[in-house]
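Undergrad: The file below is protein.txt, compact mmCIF, C-alpha atoms:
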```txt
# COMPACT_ATOMS: atom_id res chain seq x y z
CA MET U 1 -5.49 0.52 -17.90
CA SER U 2 -7.04 -1.66 -15.19
CA SER U 3 -5.63 -1.94 -11.67
CA ARG U 4 -4.23 -5.37 -12.57
CA ASP U 5 -2.36 -4.28 -15.72
CA GLY U 6 0.71 -3.12 -13.77
CA ALA U 7 1.93 -6.34 -12.18
CA VAL U 8 0.15 -8.59 -14.67
CA GLY U 9 1.68 -6.79 -17.62
CA VAL U 10 5.18 -6.93 -16.14
CA LEU U 11 4.93 -10.64 -15.34
CA LEU U 12 3.44 -11.56 -18.73
CA ALA U 13 6.15 -9.56 -20.49
CA ALA U 14 8.75 -11.66 -18.67
CA GLU U 15 7.39 -14.81 -20.31
CA PRO U 16 9.36 -15.68 -23.46
CA GLY U 17 7.72 -16.60 -26.72
CA ARG U 18 4.31 -15.86 -28.15
CA THR U 19 1.59 -13.59 -26.87
CA PRO U 20 -0.04 -15.26 -23.83
CA ARG U 21 -3.47 -16.83 -24.27
CA ALA U 22 -6.53 -15.37 -22.55
CA ASP U 23 -6.57 -18.16 -19.95
CA ALA U 24 -2.91 -17.48 -19.12
CA ARG U 25 -3.73 -13.83 -18.51
CA ARG U 26 -6.71 -14.75 -16.33
CA ASN U 27 -4.51 -17.03 -14.25
CA MET U 28 -1.92 -14.29 -13.87
CA GLU U 29 -4.61 -11.82 -12.78
CA ARG U 30 -5.81 -14.31 -10.17
CA LEU U 31 -2.29 -14.84 -8.89
CA VAL U 32 -1.63 -11.11 -8.54
CA GLU U 33 -4.93 -10.52 -6.79
CA ALA U 34 -4.36 -13.49 -4.48
CA ALA U 35 -0.81 -12.36 -3.68
CA ARG U 36 -1.97 -8.88 -2.74
CA ALA U 37 -4.73 -10.19 -0.49
CA ALA U 38 -2.48 -12.81 1.09
CA VAL U 39 0.30 -10.34 1.90
CA ALA U 40 -2.22 -7.99 3.50
CA GLU U 41 -3.73 -10.78 5.59
CA ILE U 42 -0.82 -13.12 6.33
CA GLY U 43 2.31 -11.11 5.56
CA VAL U 44 5.27 -11.57 3.25
CA GLU U 45 5.94 -15.05 4.63
CA VAL U 46 2.98 -16.29 2.58
CA THR U 47 3.98 -19.31 0.50
CA ALA U 48 3.61 -19.96 -3.19
CA HIS U 49 1.23 -22.83 -2.34
CA GLU U 50 -1.03 -20.50 -0.35
CA ILE U 51 -1.10 -17.90 -3.14
CA ALA U 52 -1.92 -20.61 -5.67
CA ARG U 53 -4.68 -21.99 -3.45
CA ARG U 54 -6.28 -18.57 -3.07
CA ALA U 55 -6.01 -18.01 -6.82
CA GLY U 56 -7.69 -21.34 -7.51
CA VAL U 57 -4.80 -22.73 -9.52
CA GLY U 58 -2.35 -25.56 -8.98
CA ILE U 59 1.23 -25.05 -7.92
CA GLY U 60 2.31 -26.21 -11.38
CA THR U 61 0.32 -23.39 -12.96
CA PHE U 62 1.86 -20.97 -10.46
CA TYR U 63 5.38 -21.78 -11.62
CA ARG U 64 4.39 -21.82 -15.29
CA ARG U 65 3.13 -18.26 -14.92
CA VAL U 66 5.82 -16.78 -12.65
CA SER U 67 9.45 -17.70 -12.22
CA SER U 68 9.37 -17.49 -8.42
CA ARG U 69 7.38 -16.29 -5.45
CA GLU U 70 9.86 -13.44 -5.10
CA ALA U 71 9.27 -12.28 -8.69
CA LEU U 72 5.52 -12.17 -8.05
CA LEU U 73 5.95 -10.21 -4.81
CA GLU U 74 8.32 -7.77 -6.47
CA ALA U 75 5.80 -7.10 -9.26
CA VAL U 76 3.07 -6.62 -6.66
CA LEU U 77 5.23 -4.14 -4.76
CA ASP U 78 5.88 -2.13 -7.93
CA GLU U 79 2.16 -2.07 -8.67
CA VAL U 80 1.13 -1.02 -5.18
CA LEU U 81 3.69 1.79 -5.01
CA ALA U 82 2.58 3.08 -8.42
CA GLU U 83 -1.00 3.12 -7.14
CA MET U 84 0.10 5.09 -4.08
CA ALA U 85 1.76 7.71 -6.28
CA ASP U 86 -1.35 7.95 -8.48
CA LEU U 87 -3.59 8.32 -5.43
CA ALA U 88 -1.48 11.18 -4.10
CA ALA U 89 -1.73 12.97 -7.44
CA ASP U 90 -5.51 12.45 -7.56
CA ALA U 91 -5.91 13.68 -3.98
CA ALA U 92 -3.95 16.85 -4.78
CA ALA U 93 -6.57 17.66 -7.43
CA ASP U 94 -9.42 17.50 -4.90
CA PRO U 95 -10.81 21.04 -4.42
CA ASP U 96 -11.23 20.31 -0.70
CA PRO U 97 -7.69 20.02 0.79
CA TRP U 98 -8.79 18.09 3.87
CA HIS U 99 -11.01 15.68 1.95
CA GLY U 100 -8.17 15.05 -0.48
CA PHE U 101 -5.73 14.31 2.33
CA GLU U 102 -8.20 12.16 4.24
CA THR U 103 -9.07 10.12 1.14
CA PHE U 104 -5.41 9.56 0.37
CA ALA U 105 -4.61 8.59 3.97
CA ALA U 106 -7.27 5.85 4.05
CA ALA U 107 -6.19 4.41 0.70
CA TYR U 108 -2.50 4.65 1.62
CA VAL U 109 -2.97 2.68 4.83
CA ARG U 110 -4.88 -0.04 2.97
CA LEU U 111 -2.28 -0.27 0.20
CA ARG U 112 0.59 -0.22 2.66
CA ALA U 113 -0.80 -3.40 4.22
CA GLU U 114 -0.44 -5.04 0.80
CA SER U 115 3.21 -4.07 0.43
CA CYS U 116 4.66 -3.91 3.93
CA GLY U 117 7.80 -6.02 4.14
CA ILE U 118 7.91 -7.10 0.49
CA ARG U 119 11.04 -5.10 -0.28
CA GLU U 120 12.90 -6.93 2.48
CA ALA U 121 11.33 -10.29 1.59
CA VAL U 122 12.66 -10.25 -1.96
CA GLY U 123 16.19 -9.77 -0.63
CA GLY U 124 16.66 -6.23 -1.84
CA ALA U 125 16.10 -7.28 -5.45
CA CYS U 126 14.13 -4.07 -6.03
CA GLY U 127 17.16 -1.98 -5.05
CA PRO U 128 17.36 1.61 -6.26
CA ASN U 129 14.76 0.93 -8.97
CA LEU U 130 12.10 1.98 -6.47
CA ASP U 131 13.72 5.33 -5.69
CA PRO U 132 11.78 7.28 -8.36
CA VAL U 133 8.33 6.07 -7.29
CA LEU U 134 9.17 6.44 -3.60
CA GLY U 135 10.23 9.99 -4.35
CA GLN U 136 6.90 10.60 -6.09
CA ILE U 137 5.01 9.35 -3.04
CA GLN U 138 7.10 11.52 -0.71
CA GLU U 139 6.47 14.56 -2.86
CA GLY U 140 2.77 13.74 -2.99
CA VAL U 141 2.52 13.54 0.79
CA ARG U 142 4.42 16.80 1.16
CA LEU U 143 2.08 18.62 -1.22
CA LEU U 144 -1.04 17.24 0.45
CA VAL U 145 0.14 18.22 3.92
CA GLU U 146 1.27 21.69 2.92
CA ARG U 147 -1.94 22.33 0.99
CA ALA U 148 -4.05 21.35 4.01
CA GLN U 149 -1.92 23.52 6.30
CA GLU U 150 -2.17 26.52 3.97
CA ALA U 151 -5.97 26.10 4.01
CA GLY U 152 -5.91 26.12 7.82
CA VAL U 153 -7.44 22.64 8.15
CA MET U 154 -4.35 20.80 9.42
CA ARG U 155 -2.34 21.74 12.48
CA ALA U 156 0.59 23.87 11.42
CA ASP U 157 3.18 22.33 13.75
CA VAL U 158 3.13 18.96 11.96
CA ALA U 159 5.98 18.41 9.54
CA TRP U 160 5.06 16.53 6.37
CA GLN U 161 7.73 13.98 7.33
CA ASP U 162 5.67 13.12 10.43
CA VAL U 163 2.75 11.93 8.34
CA PRO U 164 4.21 8.72 6.83
CA PHE U 165 5.17 7.58 10.33
CA LEU U 166 1.71 8.35 11.66
CA LEU U 167 0.02 6.46 8.85
CA ALA U 168 2.41 3.52 9.27
CA ALA U 169 1.42 3.34 12.94
CA VAL U 170 -2.26 2.97 12.04
CA ALA U 171 -1.83 -0.67 11.01
CA THR U 172 -2.11 -3.03 13.94
CA GLY U 173 -1.56 -6.64 14.84
CA PRO U 174 -4.49 -8.87 15.77
CA ARG U 175 -3.76 -8.83 19.52
CA THR U 176 -2.10 -6.76 22.23
CA LEU U 177 -2.28 -6.95 26.04
CA ARG U 178 -4.64 -9.94 25.73
CA LEU U 179 -7.05 -7.78 23.70
CA ARG U 180 -8.27 -8.74 20.25
CA ALA U 181 -8.42 -6.05 17.56
CA GLY U 182 -11.85 -5.15 16.23
CA ASP U 183 -12.89 -5.86 12.66
CA GLU U 184 -12.26 -2.22 11.72
CA GLN U 185 -9.42 -1.54 14.13
CA TRP U 186 -7.24 0.12 11.51
CA GLY U 187 -10.14 2.40 10.62
CA ARG U 188 -10.57 3.41 14.25
CA ASN U 189 -6.85 4.05 14.56
CA LEU U 190 -6.88 6.12 11.39
CA ARG U 191 -9.79 8.24 12.60
CA ILE U 192 -7.93 9.04 15.83
CA VAL U 193 -4.82 10.03 13.85
CA LEU U 194 -6.81 12.18 11.43
CA ASP U 195 -8.67 13.91 14.24
CA GLY U 196 -5.32 14.61 15.88
CA LEU U 197 -4.01 16.19 12.68
CA ARG U 198 -6.95 18.51 12.16
CA ALA U 199 -6.68 22.14 13.19
CA PRO U 200 -7.01 23.70 15.67
CA ARG U 201 -4.44 21.92 17.79
CA SER U 202 -4.56 21.80 21.57
CA GLN U 203 -0.98 21.05 22.64
CA ALA U 204 2.45 21.54 21.11
CA LEU U 205 4.29 18.45 19.85
CA PRO U 206 7.41 17.37 21.77
CA GLY U 207 10.81 16.84 20.16
CA THR U 208 11.80 17.47 16.57
CA PRO U 209 10.33 16.18 13.28
CA PRO U 210 11.83 13.12 11.58
CA ALA U 211 14.91 13.77 9.50
```
Just give me the structure as structure tokens.
TA:
Amino acid sequence: MSSRDGAVGVLLAAEPGRTPRADARRNMERLVEAARAAVAEIGVEVTAHEIARRAGVGIGTFYRRVSSREALLEAVLDEVLAEMADLAADAAADPDPWHGFETFAAAYVRLRAESCGIREAVGGACGPNLDPVLGQIQEGVRLLVERAQEAGVMRADVAWQDVPFLLAAVATGPRTLRLRAGDEQWGRNLRIVLDGLRAPRSQALPGTPPA
């Protein structure tokens, strides 16, 4: 199944009637791809008109393919979270614990940019339906962290619960203190975080891990 089948399949299945034509599927694929890119670049305030423009379709086609902007964003969120869970499972199979964790961390940060804020933007429509996949991601992070610690390649005083917060902090806005972020600012931030997680550590962490 391709990376687009998740959200595209869900949205096409929501359309009543006959099997969608090939051009309808192509338009849906463009809309999903455009929505993911737009959320990562602009944020969840992106409009239906902007998504349609990026997809190269008219606003009429947008609303023929999806019932609402919120429905499209919700399908995108489901797809991105499923990809995160799959990435964690793939990383756990890497024979090199640190390489597996590092690969997951980079992909997670990128995917998080495509989903950040969507759950709130759709007004909680996702609700508890996301609990299973969020649990899978949590469990994946825990296994990756513990595997790296058992191999002696990650500092032992880091709780696995620290890691999602650290990775969330990697994403950055375009400006701060009158400074403009570099083209690969998130990559620089991630490298600093990863280097800080690698063993051996130099100083003990203050406070207690997240609950």
Undergrad: At what distance in Å, to one decimal, does CA of Leu197 (chain U) lie from CA of Val153 (chain U)?
TA: 8.6 Å
Undergrad: Write out as a ChimeraX atom specification the residues lying within 7 Å of region 48-52 of chain U, counting only C-alpha atoms and excluding same-chain residues fewer than 3 positions away.
TA: /U:31,34-35,38,55-59,62,69
Undergrad: So which one's closest to Leu166 (chain U), U:Ala37, U:Val32, U:Ala151, U:Leu194? Using all atoms listed in the file, please.
TA: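 Smallest separation from Leu166 (chain U) among the options: U:Leu194.
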Undergrad: Counting only C-alpha atoms, which of U:Thr47, U:Ser115, U:Gln136, U:Ser67 gets nearest to Leu87 (chain U)?
TA: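 Distance minimum relative to Leu87 (chain U) lands on U:Gln136.
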Undergrad: So what do you get for CA of Asp90 (chain U) versus CA of Ala40 (chain U), distance-wise?
TA: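 Interatomic distance here is 23.5 Å.
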Undergrad: For a cutoff of 9 Å around the file-coordinate point (-7.1, 9.8, -5.0), which residues qualify once you count only C-alpha atoms? I'd like the result as a PyMOL selection string.
TA: chain U and resi 84+86-94+100-101+103-104+107
Undergrad: Go ahead and compute the interatomic distance for CA of Pro97 (chain U) and CA of Arg198 (chain U), in Å to one decimal.
TA: 11.5 Å
Undergrad: Given only C-alpha atoms as the basis, pick out the residue of U:Glu41, U:Leu167, U:Glu74, U:Ala82 nearest to Gly135 (chain U).
TA: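 Closest residue, counting only C-alpha atoms: U:Ala82.
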Undergrad: Which one is closest to Ala7 (chain U): U:Glu79, U:Asp23, U:Glu139, U:Glu33? Count only C-alpha atoms.
TA: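 Result for the nearest residue to Ala7 (chain U): U:Glu79.
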Undergrad: Point out the residue among U:Ala199, U:Arg191, U:Ala169, U:Gly140 with the least atom-to-atom distance to Asp157 (chain U), counting only C-alpha atoms.
TA: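 That would be U:Ala199, the residue with the smallest distance to Asp157 (chain U).
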Undergrad: For region 163-179 of chain U, supply N, CA, C and O atoms and report the output as a PDB file, keeping the file's coordinate frame.
TA:
```pdb
ATOM      1  N   VAL U 163       3.968  12.592   8.799  1.00  0.00           N
ATOM      2  CA  VAL U 163       2.750  11.930   8.340  1.00  0.00           C
ATOM      3  C   VAL U 163       2.977  10.474   7.920  1.00  0.00           C
ATOM      4  O   VAL U 163       2.190   9.597   8.303  1.00  0.00           O
ATOM      5  N   PRO U 164       4.016  10.144   7.150  1.00  0.00           N
ATOM      6  CA  PRO U 164       4.210   8.720   6.830  1.00  0.00           C
ATOM      7  C   PRO U 164       4.378   7.845   8.062  1.00  0.00           C
ATOM      8  O   PRO U 164       3.906   6.697   8.083  1.00  0.00           O
ATOM      9  N   PHE U 165       5.025   8.358   9.101  1.00  0.00           N
ATOM     10  CA  PHE U 165       5.170   7.580  10.330  1.00  0.00           C
ATOM     11  C   PHE U 165       3.834   7.397  11.030  1.00  0.00           C
ATOM     12  O   PHE U 165       3.527   6.319  11.555  1.00  0.00           O
ATOM     13  N   LEU U 166       3.023   8.452  11.036  1.00  0.00           N
ATOM     14  CA  LEU U 166       1.710   8.350  11.660  1.00  0.00           C
ATOM     15  C   LEU U 166       0.829   7.343  10.941  1.00  0.00           C
ATOM     16  O   LEU U 166       0.135   6.533  11.575  1.00  0.00           O
ATOM     17  N   LEU U 167       0.851   7.379   9.619  1.00  0.00           N
ATOM     18  CA  LEU U 167       0.020   6.460   8.850  1.00  0.00           C
ATOM     19  C   LEU U 167       0.536   5.023   8.978  1.00  0.00           C
ATOM     20  O   LEU U 167      -0.249   4.076   8.997  1.00  0.00           O
ATOM     21  N   ALA U 168       1.856   4.869   9.076  1.00  0.00           N
ATOM     22  CA  ALA U 168       2.410   3.520   9.270  1.00  0.00           C
ATOM     23  C   ALA U 168       1.981   2.944  10.606  1.00  0.00           C
ATOM     24  O   ALA U 168       1.812   1.727  10.747  1.00  0.00           O
ATOM     25  N   ALA U 169       1.793   3.807  11.609  1.00  0.00           N
ATOM     26  CA  ALA U 169       1.420   3.340  12.940  1.00  0.00           C
ATOM     27  C   ALA U 169      -0.048   2.943  13.027  1.00  0.00           C
ATOM     28  O   ALA U 169      -0.468   2.323  14.008  1.00  0.00           O
ATOM     29  N   VAL U 170      -0.835   3.286  12.018  1.00  0.00           N
ATOM     30  CA  VAL U 170      -2.260   2.970  12.040  1.00  0.00           C
ATOM     31  C   VAL U 170      -2.500   1.468  11.954  1.00  0.00           C
ATOM     32  O   VAL U 170      -3.399   0.927  12.598  1.00  0.00           O
ATOM     33  N   ALA U 171      -1.687   0.775  11.144  1.00  0.00           N
ATOM     34  CA  ALA U 171      -1.830  -0.670  11.010  1.00  0.00           C
ATOM     35  C   ALA U 171      -1.527  -1.335  12.344  1.00  0.00           C
ATOM     36  O   ALA U 171      -0.659  -0.889  13.093  1.00  0.00           O
ATOM     37  N   THR U 172      -2.255  -2.400  12.629  1.00  0.00           N
ATOM     38  CA  THR U 172      -2.110  -3.030  13.940  1.00  0.00           C
ATOM     39  C   THR U 172      -2.112  -4.538  13.809  1.00  0.00           C
ATOM     40  O   THR U 172      -2.651  -5.095  12.847  1.00  0.00           O
ATOM     41  N   GLY U 173      -1.492  -5.193  14.786  1.00  0.00           N
ATOM     42  CA  GLY U 173      -1.560  -6.640  14.840  1.00  0.00           C
ATOM     43  C   GLY U 173      -2.909  -7.089  15.375  1.00  0.00           C
ATOM     44  O   GLY U 173      -3.713  -6.281  15.843  1.00  0.00           O
ATOM     45  N   PRO U 174      -3.180  -8.377  15.335  1.00  0.00           N
ATOM     46  CA  PRO U 174      -4.490  -8.870  15.770  1.00  0.00           C
ATOM     47  C   PRO U 174      -4.705  -8.823  17.274  1.00  0.00           C
ATOM     48  O   PRO U 174      -5.848  -8.796  17.734  1.00  0.00           O
ATOM     49  N   ARG U 175      -3.612  -8.795  18.064  1.00  0.00           N
ATOM     50  CA  ARG U 175      -3.760  -8.830  19.520  1.00  0.00           C
ATOM     51  C   ARG U 175      -2.699  -7.965  20.191  1.00  0.00           C
ATOM     52  O   ARG U 175      -1.594  -7.829  19.695  1.00  0.00           O
ATOM     53  N   THR U 176      -3.048  -7.428  21.356  1.00  0.00           N
ATOM     54  CA  THR U 176      -2.100  -6.760  22.230  1.00  0.00           C
ATOM     55  C   THR U 176      -2.682  -6.725  23.635  1.00  0.00           C
ATOM     56  O   THR U 176      -3.891  -6.522  23.811  1.00  0.00           O
ATOM     57  N   LEU U 177      -1.839  -6.961  24.635  1.00  0.00           N
ATOM     58  CA  LEU U 177      -2.280  -6.950  26.040  1.00  0.00           C
ATOM     59  C   LEU U 177      -3.516  -7.817  26.268  1.00  0.00           C
ATOM     60  O   LEU U 177      -4.445  -7.448  26.977  1.00  0.00           O
ATOM     61  N   ARG U 178      -3.537  -8.975  25.625  1.00  0.00           N
ATOM     62  CA  ARG U 178      -4.640  -9.940  25.730  1.00  0.00           C
ATOM     63  C   ARG U 178      -5.958  -9.399  25.163  1.00  0.00           C
ATOM     64  O   ARG U 178      -7.023  -9.938  25.430  1.00  0.00           O
ATOM     65  N   LEU U 179      -5.877  -8.332  24.366  1.00  0.00           N
ATOM     66  CA  LEU U 179      -7.050  -7.780  23.700  1.00  0.00           C
ATOM     67  C   LEU U 179      -7.012  -8.158  22.225  1.00  0.00           C
ATOM     68  O   LEU U 179      -5.943  -8.223  21.629  1.00  0.00           O
TER      69      LEU U 179
END
```
